[in-house]
$ cat model.cif   # mmCIF, C-alpha atoms
data_input
loop_
_atom_site.group_PDB
_atom_site.id
_atom_site.type_symbol
_atom_site.label_atom_id
_atom_site.label_comp_id
_atom_site.auth_asym_id
_atom_site.auth_seq_id
_atom_site.Cartn_x
_atom_site.Cartn_y
_atom_site.Cartn_z
ATOM 1 C CA MET A 1 -16.618 -52.297 -31.051
ATOM 2 C CA THR A 2 -15.682 -55.420 -32.936
ATOM 3 C CA LYS A 3 -12.917 -55.577 -35.523
ATOM 4 C CA ILE A 4 -11.550 -57.708 -38.275
ATOM 5 C CA VAL A 5 -7.768 -57.524 -38.020
ATOM 6 C CA VAL A 6 -5.903 -58.576 -41.155
ATOM 7 C CA LEU A 7 -2.166 -59.327 -41.044
ATOM 8 C CA PHE A 8 -0.407 -59.263 -44.416
ATOM 9 C CA GLY A 9 3.009 -60.912 -44.646
ATOM 10 C CA GLN A 10 5.846 -59.441 -46.690
ATOM 11 C CA PRO A 11 4.666 -59.524 -50.333
ATOM 12 C CA LYS A 12 6.901 -60.829 -53.109
ATOM 13 C CA ASP A 13 6.447 -57.519 -54.970
ATOM 14 C CA PRO A 14 5.595 -54.708 -52.505
ATOM 15 C CA LYS A 15 4.982 -52.122 -55.225
ATOM 16 C CA LEU A 16 2.489 -54.383 -57.007
ATOM 17 C CA PHE A 17 0.805 -55.266 -53.707
ATOM 18 C CA ASP A 18 0.385 -51.583 -52.774
ATOM 19 C CA GLU A 19 -1.071 -50.802 -56.186
ATOM 20 C CA GLN A 20 -3.517 -53.694 -56.088
ATOM 21 C CA TYR A 21 -4.454 -52.995 -52.475
ATOM 22 C CA TRP A 22 -5.257 -49.309 -52.869
ATOM 23 C CA LYS A 23 -6.658 -49.385 -56.403
ATOM 24 C CA ASP A 24 -8.650 -52.626 -56.293
ATOM 25 C CA HIS A 25 -9.040 -53.902 -52.746
ATOM 26 C CA VAL A 26 -9.948 -50.778 -50.784
ATOM 27 C CA PRO A 27 -13.068 -49.996 -52.863
ATOM 28 C CA ILE A 28 -14.301 -53.584 -52.393
ATOM 29 C CA ALA A 29 -13.722 -53.580 -48.633
ATOM 30 C CA LYS A 30 -15.281 -50.120 -48.195
ATOM 31 C CA ALA A 31 -18.522 -51.484 -49.668
ATOM 32 C CA MET A 32 -19.042 -53.901 -46.755
ATOM 33 C CA PRO A 33 -22.269 -53.029 -44.949
ATOM 34 C CA GLY A 34 -21.949 -51.732 -41.399
ATOM 35 C CA LEU A 35 -18.261 -50.758 -41.728
ATOM 36 C CA LYS A 36 -17.633 -47.928 -39.245
ATOM 37 C CA LYS A 37 -13.882 -47.425 -39.582
ATOM 38 C CA TYR A 38 -11.181 -48.765 -41.905
ATOM 39 C CA THR A 39 -7.553 -48.265 -40.864
ATOM 40 C CA VAL A 40 -4.462 -49.429 -42.746
ATOM 41 C CA HIS A 41 -1.163 -49.602 -40.849
ATOM 42 C CA LYS A 42 1.941 -49.856 -43.045
ATOM 43 C CA ILE A 43 4.644 -51.513 -40.923
ATOM 44 C CA VAL A 44 7.854 -49.480 -41.001
ATOM 45 C CA GLY A 45 10.052 -51.425 -38.606
ATOM 46 C CA ALA A 46 10.381 -53.762 -35.645
ATOM 47 C CA PRO A 47 12.538 -53.715 -32.489
ATOM 48 C CA ARG A 48 14.756 -56.484 -33.851
ATOM 49 C CA GLY A 49 15.278 -57.567 -37.417
ATOM 50 C CA GLU A 50 12.760 -57.483 -40.217
ATOM 51 C CA PRO A 51 9.104 -57.171 -39.259
ATOM 52 C CA ALA A 52 7.005 -60.307 -39.666
ATOM 53 C CA TYR A 53 4.217 -58.297 -41.289
ATOM 54 C CA TYR A 54 4.082 -55.787 -44.115
ATOM 55 C CA GLN A 55 0.690 -54.316 -43.329
ATOM 56 C CA VAL A 56 -1.942 -54.589 -40.598
ATOM 57 C CA VAL A 57 -5.527 -53.615 -41.344
ATOM 58 C CA GLU A 58 -8.409 -52.962 -38.942
ATOM 59 C CA LEU A 59 -12.031 -52.960 -40.082
ATOM 60 C CA GLU A 60 -14.336 -51.835 -37.294
ATOM 61 C CA PHE A 61 -18.006 -52.726 -36.806
ATOM 62 C CA GLU A 62 -20.590 -51.931 -34.143
ATOM 63 C CA ASN A 63 -20.763 -55.524 -32.848
ATOM 64 C CA MET A 64 -20.163 -59.159 -33.803
ATOM 65 C CA ASP A 65 -23.547 -59.454 -35.511
ATOM 66 C CA SER A 66 -22.788 -56.560 -37.862
ATOM 67 C CA LEU A 67 -19.312 -57.994 -38.517
ATOM 68 C CA LYS A 68 -20.831 -61.374 -39.456
ATOM 69 C CA LYS A 69 -23.387 -59.714 -41.744
ATOM 70 C CA ALA A 70 -20.586 -57.823 -43.465
ATOM 71 C CA LEU A 71 -18.596 -61.026 -44.005
ATOM 72 C CA GLU A 72 -21.663 -62.753 -45.473
ATOM 73 C CA SER A 73 -22.394 -59.885 -47.865
ATOM 74 C CA PRO A 74 -21.243 -59.964 -51.511
ATOM 75 C CA ALA A 75 -18.662 -57.246 -50.753
ATOM 76 C CA GLY A 76 -17.407 -59.174 -47.702
ATOM 77 C CA ARG A 77 -16.978 -62.399 -49.650
ATOM 78 C CA GLU A 78 -15.272 -60.606 -52.555
ATOM 79 C CA SER A 79 -12.998 -58.702 -50.177
ATOM 80 C CA GLY A 80 -11.840 -61.958 -48.582
ATOM 81 C CA ARG A 81 -11.227 -63.637 -51.939
ATOM 82 C CA HIS A 82 -9.369 -60.630 -53.313
ATOM 83 C CA GLY A 83 -7.262 -60.212 -50.164
ATOM 84 C CA ILE A 84 -6.135 -63.831 -50.363
ATOM 85 C CA LYS A 85 -5.354 -63.424 -54.071
ATOM 86 C CA ILE A 86 -3.055 -60.401 -53.624
ATOM 87 C CA ALA A 87 -1.415 -61.589 -50.373
ATOM 88 C CA THR A 88 1.643 -63.240 -51.885
ATOM 89 C CA GLY A 89 3.375 -63.113 -48.478
ATOM 90 C CA GLY A 90 0.489 -64.739 -46.623
ATOM 91 C CA ILE A 91 -2.569 -63.401 -44.840
ATOM 92 C CA THR A 92 -4.118 -63.947 -41.415
ATOM 93 C CA PHE A 93 -7.642 -62.904 -40.415
ATOM 94 C CA LEU A 94 -8.537 -62.297 -36.761
ATOM 95 C CA TYR A 95 -11.726 -61.116 -35.040
ATOM 96 C CA ALA A 96 -11.305 -58.875 -32.000
ATOM 97 C CA GLU A 97 -13.400 -56.994 -29.476
ATOM 98 C CA SER A 98 -11.896 -53.604 -28.714
ATOM 99 C CA LYS A 99 -11.782 -51.699 -25.457
ATOM 100 C CA GLU A 100 -10.139 -48.309 -25.001
ATOM 101 C CA ALA A 101 -7.383 -48.301 -22.376
ATOM 102 C CA LEU A 102 -7.181 -44.492 -22.251
ATOM 103 C CA PRO A 103 -10.268 -42.415 -21.517
#
$ encode --input "model.cif" --output "C-alpha cells"
Amino acid sequence: MTKIVVLFGQPKDPKLFDEQYWKDHVPIAKAMPGLKKYTVHKIVGAPRGEPAYYQVVELEFENMDSLKKALESPAGRESGRHGIKIATGGITFLYAESKEALP
C-alpha cells in the first residue's frame, strides 16, 4: 500500500480547525478516486513537552500510480488547496510505502 501522510502543526484556533476539517475538508478528501482508507490521528501528547503536531492523517491507496491519479484529480487538487488554507500551524505532505511489521 502507498499512503499520503499529512502532518498538521498546532493550529492558531484548534476549535475552528477541527470544525473546518471535519465539516469541509473530509468530504473533499473522501472524494479522491482510489482512496482505500482514510485515518485521522488526533495527537494527545508526547513523551516530553508539547507535541510538534496537532493531527496526523493517512490516506491509503493501492499503489503509487493510484496515489498520483488521486492527487491529479479535481478532488485531490481541491483537498490540497483546502488543507493548506486551514493549516494555520503549518502542513507537511509525505508519500510513504507501507509494510506490516506484525502478521
$ resolve_selection --input "model.cif" --expression "the PyMOL selection byres ((chain A and resi 61) around 10)" --output "compact mmCIF listing (two decimals) with C-alpha atoms, in the frame of the given file"
# COMPACT_ATOMS: atom_id res chain seq x y z
CA MET A 1 -16.62 -52.30 -31.05
CA THR A 2 -15.68 -55.42 -32.94
CA LYS A 3 -12.92 -55.58 -35.52
CA ILE A 4 -11.55 -57.71 -38.28
CA PRO A 33 -22.27 -53.03 -44.95
CA GLY A 34 -21.95 -51.73 -41.40
CA LEU A 35 -18.26 -50.76 -41.73
CA LYS A 36 -17.63 -47.93 -39.24
CA LYS A 37 -13.88 -47.42 -39.58
CA TYR A 38 -11.18 -48.76 -41.90
CA GLU A 58 -8.41 -52.96 -38.94
CA LEU A 59 -12.03 -52.96 -40.08
CA GLU A 60 -14.34 -51.84 -37.29
CA GLU A 62 -20.59 -51.93 -34.14
CA ASN A 63 -20.76 -55.52 -32.85
CA MET A 64 -20.16 -59.16 -33.80
CA ASP A 65 -23.55 -59.45 -35.51
CA SER A 66 -22.79 -56.56 -37.86
CA LEU A 67 -19.31 -57.99 -38.52
CA LYS A 68 -20.83 -61.37 -39.46
CA ALA A 70 -20.59 -57.82 -43.46
CA GLU A 97 -13.40 -56.99 -29.48
$ closest_residue --input "model.cif" --among "A:Leu16, A:Ala101, A:Val40, A:Ala29" --to "Ala87 of chain A" --atoms "all atoms listed in the file"
A:Leu16
$ resolve_selection --input "model.cif" --expression "the PyMOL selection byres ((chain A and resi 25) around 12)" --output "PyMOL selection string"
chain A and resi 17-24+26-32+40+57+75-76+78-87
$ closest_residue --input "model.cif" --among "A:Gly90, A:Gly9, A:Pro74, A:Pro14" --to "Gln55 of chain A" --atoms "only C-alpha atoms"
A:Gly9
$ resolve_selection --input "model.cif" --expression "the PyMOL selection byres ((chain A and resi 54) around 10)" --output "ChimeraX atom specification"
/A:7-11,14,41-45,50-53,55-56,89-90
$ closest_residue --input "model.cif" --among "A:Ala46, A:Glu100, A:Thr88, A:Lys69" --to "Lys12 of chain A" --atoms "only C-alpha atoms"
A:Thr88
$ atom_distance --input "model.cif" --atom1 "atom CA of Leu94 of chain A" --atom2 "atom CA of Val5 of chain A"
5.0 Å
$ atom_distance --input "model.cif" --atom1 "atom CA of Leu71 of chain A" --atom2 "atom CA of Val6 of chain A"
13.2 Å
$ build_atoms --input "model.cif" --residues "segment 43-70 of chain A" --atoms "N, CA and C atoms" --output "compact mmCIF listing (two decimals), keeping the file's coordinate frame"
# COMPACT_ATOMS: atom_id res chain seq x y z
N ILE A 43 3.60 -51.22 -41.90
CA ILE A 43 4.64 -51.51 -40.92
C ILE A 43 5.98 -50.95 -41.43
N VAL A 44 6.62 -50.15 -40.59
CA VAL A 44 7.85 -49.48 -41.00
C VAL A 44 9.10 -50.00 -40.28
N GLY A 45 8.90 -50.88 -39.33
CA GLY A 45 10.05 -51.42 -38.61
C GLY A 45 9.61 -52.30 -37.45
N ALA A 46 10.60 -52.91 -36.81
CA ALA A 46 10.38 -53.76 -35.65
C ALA A 46 11.58 -53.58 -34.71
N PRO A 47 11.43 -53.89 -33.43
CA PRO A 47 12.54 -53.72 -32.49
C PRO A 47 13.80 -54.49 -32.88
N ARG A 48 13.60 -55.66 -33.47
CA ARG A 48 14.76 -56.48 -33.85
C ARG A 48 14.50 -57.14 -35.20
N GLY A 49 15.39 -56.92 -36.12
CA GLY A 49 15.28 -57.57 -37.42
C GLY A 49 14.13 -57.06 -38.27
N GLU A 50 13.83 -57.84 -39.29
CA GLU A 50 12.76 -57.48 -40.22
C GLU A 50 11.40 -57.78 -39.59
N PRO A 51 10.43 -56.90 -39.80
CA PRO A 51 9.10 -57.17 -39.26
C PRO A 51 8.48 -58.40 -39.91
N ALA A 52 7.69 -59.12 -39.15
CA ALA A 52 7.00 -60.31 -39.67
C ALA A 52 5.88 -59.93 -40.63
N TYR A 53 5.35 -58.71 -40.48
CA TYR A 53 4.22 -58.30 -41.29
C TYR A 53 4.54 -57.04 -42.08
N TYR A 54 3.94 -56.94 -43.23
CA TYR A 54 4.08 -55.79 -44.12
C TYR A 54 3.02 -54.74 -43.82
N GLN A 55 1.82 -55.22 -43.53
CA GLN A 55 0.69 -54.32 -43.33
C GLN A 55 -0.32 -54.96 -42.37
N VAL A 56 -0.90 -54.14 -41.51
CA VAL A 56 -1.94 -54.59 -40.60
C VAL A 56 -3.16 -53.71 -40.85
N VAL A 57 -4.30 -54.35 -41.02
CA VAL A 57 -5.53 -53.62 -41.34
C VAL A 57 -6.58 -53.89 -40.27
N GLU A 58 -7.30 -52.84 -39.89
CA GLU A 58 -8.41 -52.96 -38.94
C GLU A 58 -9.69 -52.48 -39.62
N LEU A 59 -10.71 -53.32 -39.58
CA LEU A 59 -12.03 -52.96 -40.08
C LEU A 59 -12.98 -53.04 -38.90
N GLU A 60 -13.57 -51.92 -38.53
CA GLU A 60 -14.34 -51.84 -37.29
C GLU A 60 -15.84 -51.84 -37.56
N PHE A 61 -16.55 -52.60 -36.73
CA PHE A 61 -18.01 -52.73 -36.81
C PHE A 61 -18.61 -52.49 -35.42
N GLU A 62 -19.89 -52.22 -35.39
CA GLU A 62 -20.59 -51.93 -34.14
C GLU A 62 -20.54 -53.11 -33.18
N ASN A 63 -20.73 -54.33 -33.69
CA ASN A 63 -20.76 -55.52 -32.85
C ASN A 63 -20.51 -56.76 -33.71
N MET A 64 -20.47 -57.93 -33.09
CA MET A 64 -20.16 -59.16 -33.80
C MET A 64 -21.24 -59.50 -34.84
N ASP A 65 -22.49 -59.19 -34.54
CA ASP A 65 -23.55 -59.45 -35.51
C ASP A 65 -23.35 -58.65 -36.79
N SER A 66 -23.01 -57.37 -36.66
CA SER A 66 -22.79 -56.56 -37.86
C SER A 66 -21.54 -57.01 -38.61
N LEU A 67 -20.52 -57.46 -37.88
CA LEU A 67 -19.31 -57.99 -38.52
C LEU A 67 -19.67 -59.24 -39.34
N LYS A 68 -20.45 -60.15 -38.75
CA LYS A 68 -20.83 -61.37 -39.46
C LYS A 68 -21.67 -61.07 -40.70
N LYS A 69 -22.58 -60.11 -40.59
CA LYS A 69 -23.39 -59.71 -41.74
C LYS A 69 -22.51 -59.15 -42.85
N ALA A 70 -21.51 -58.37 -42.47
CA ALA A 70 -20.59 -57.82 -43.46
C ALA A 70 -19.82 -58.93 -44.17
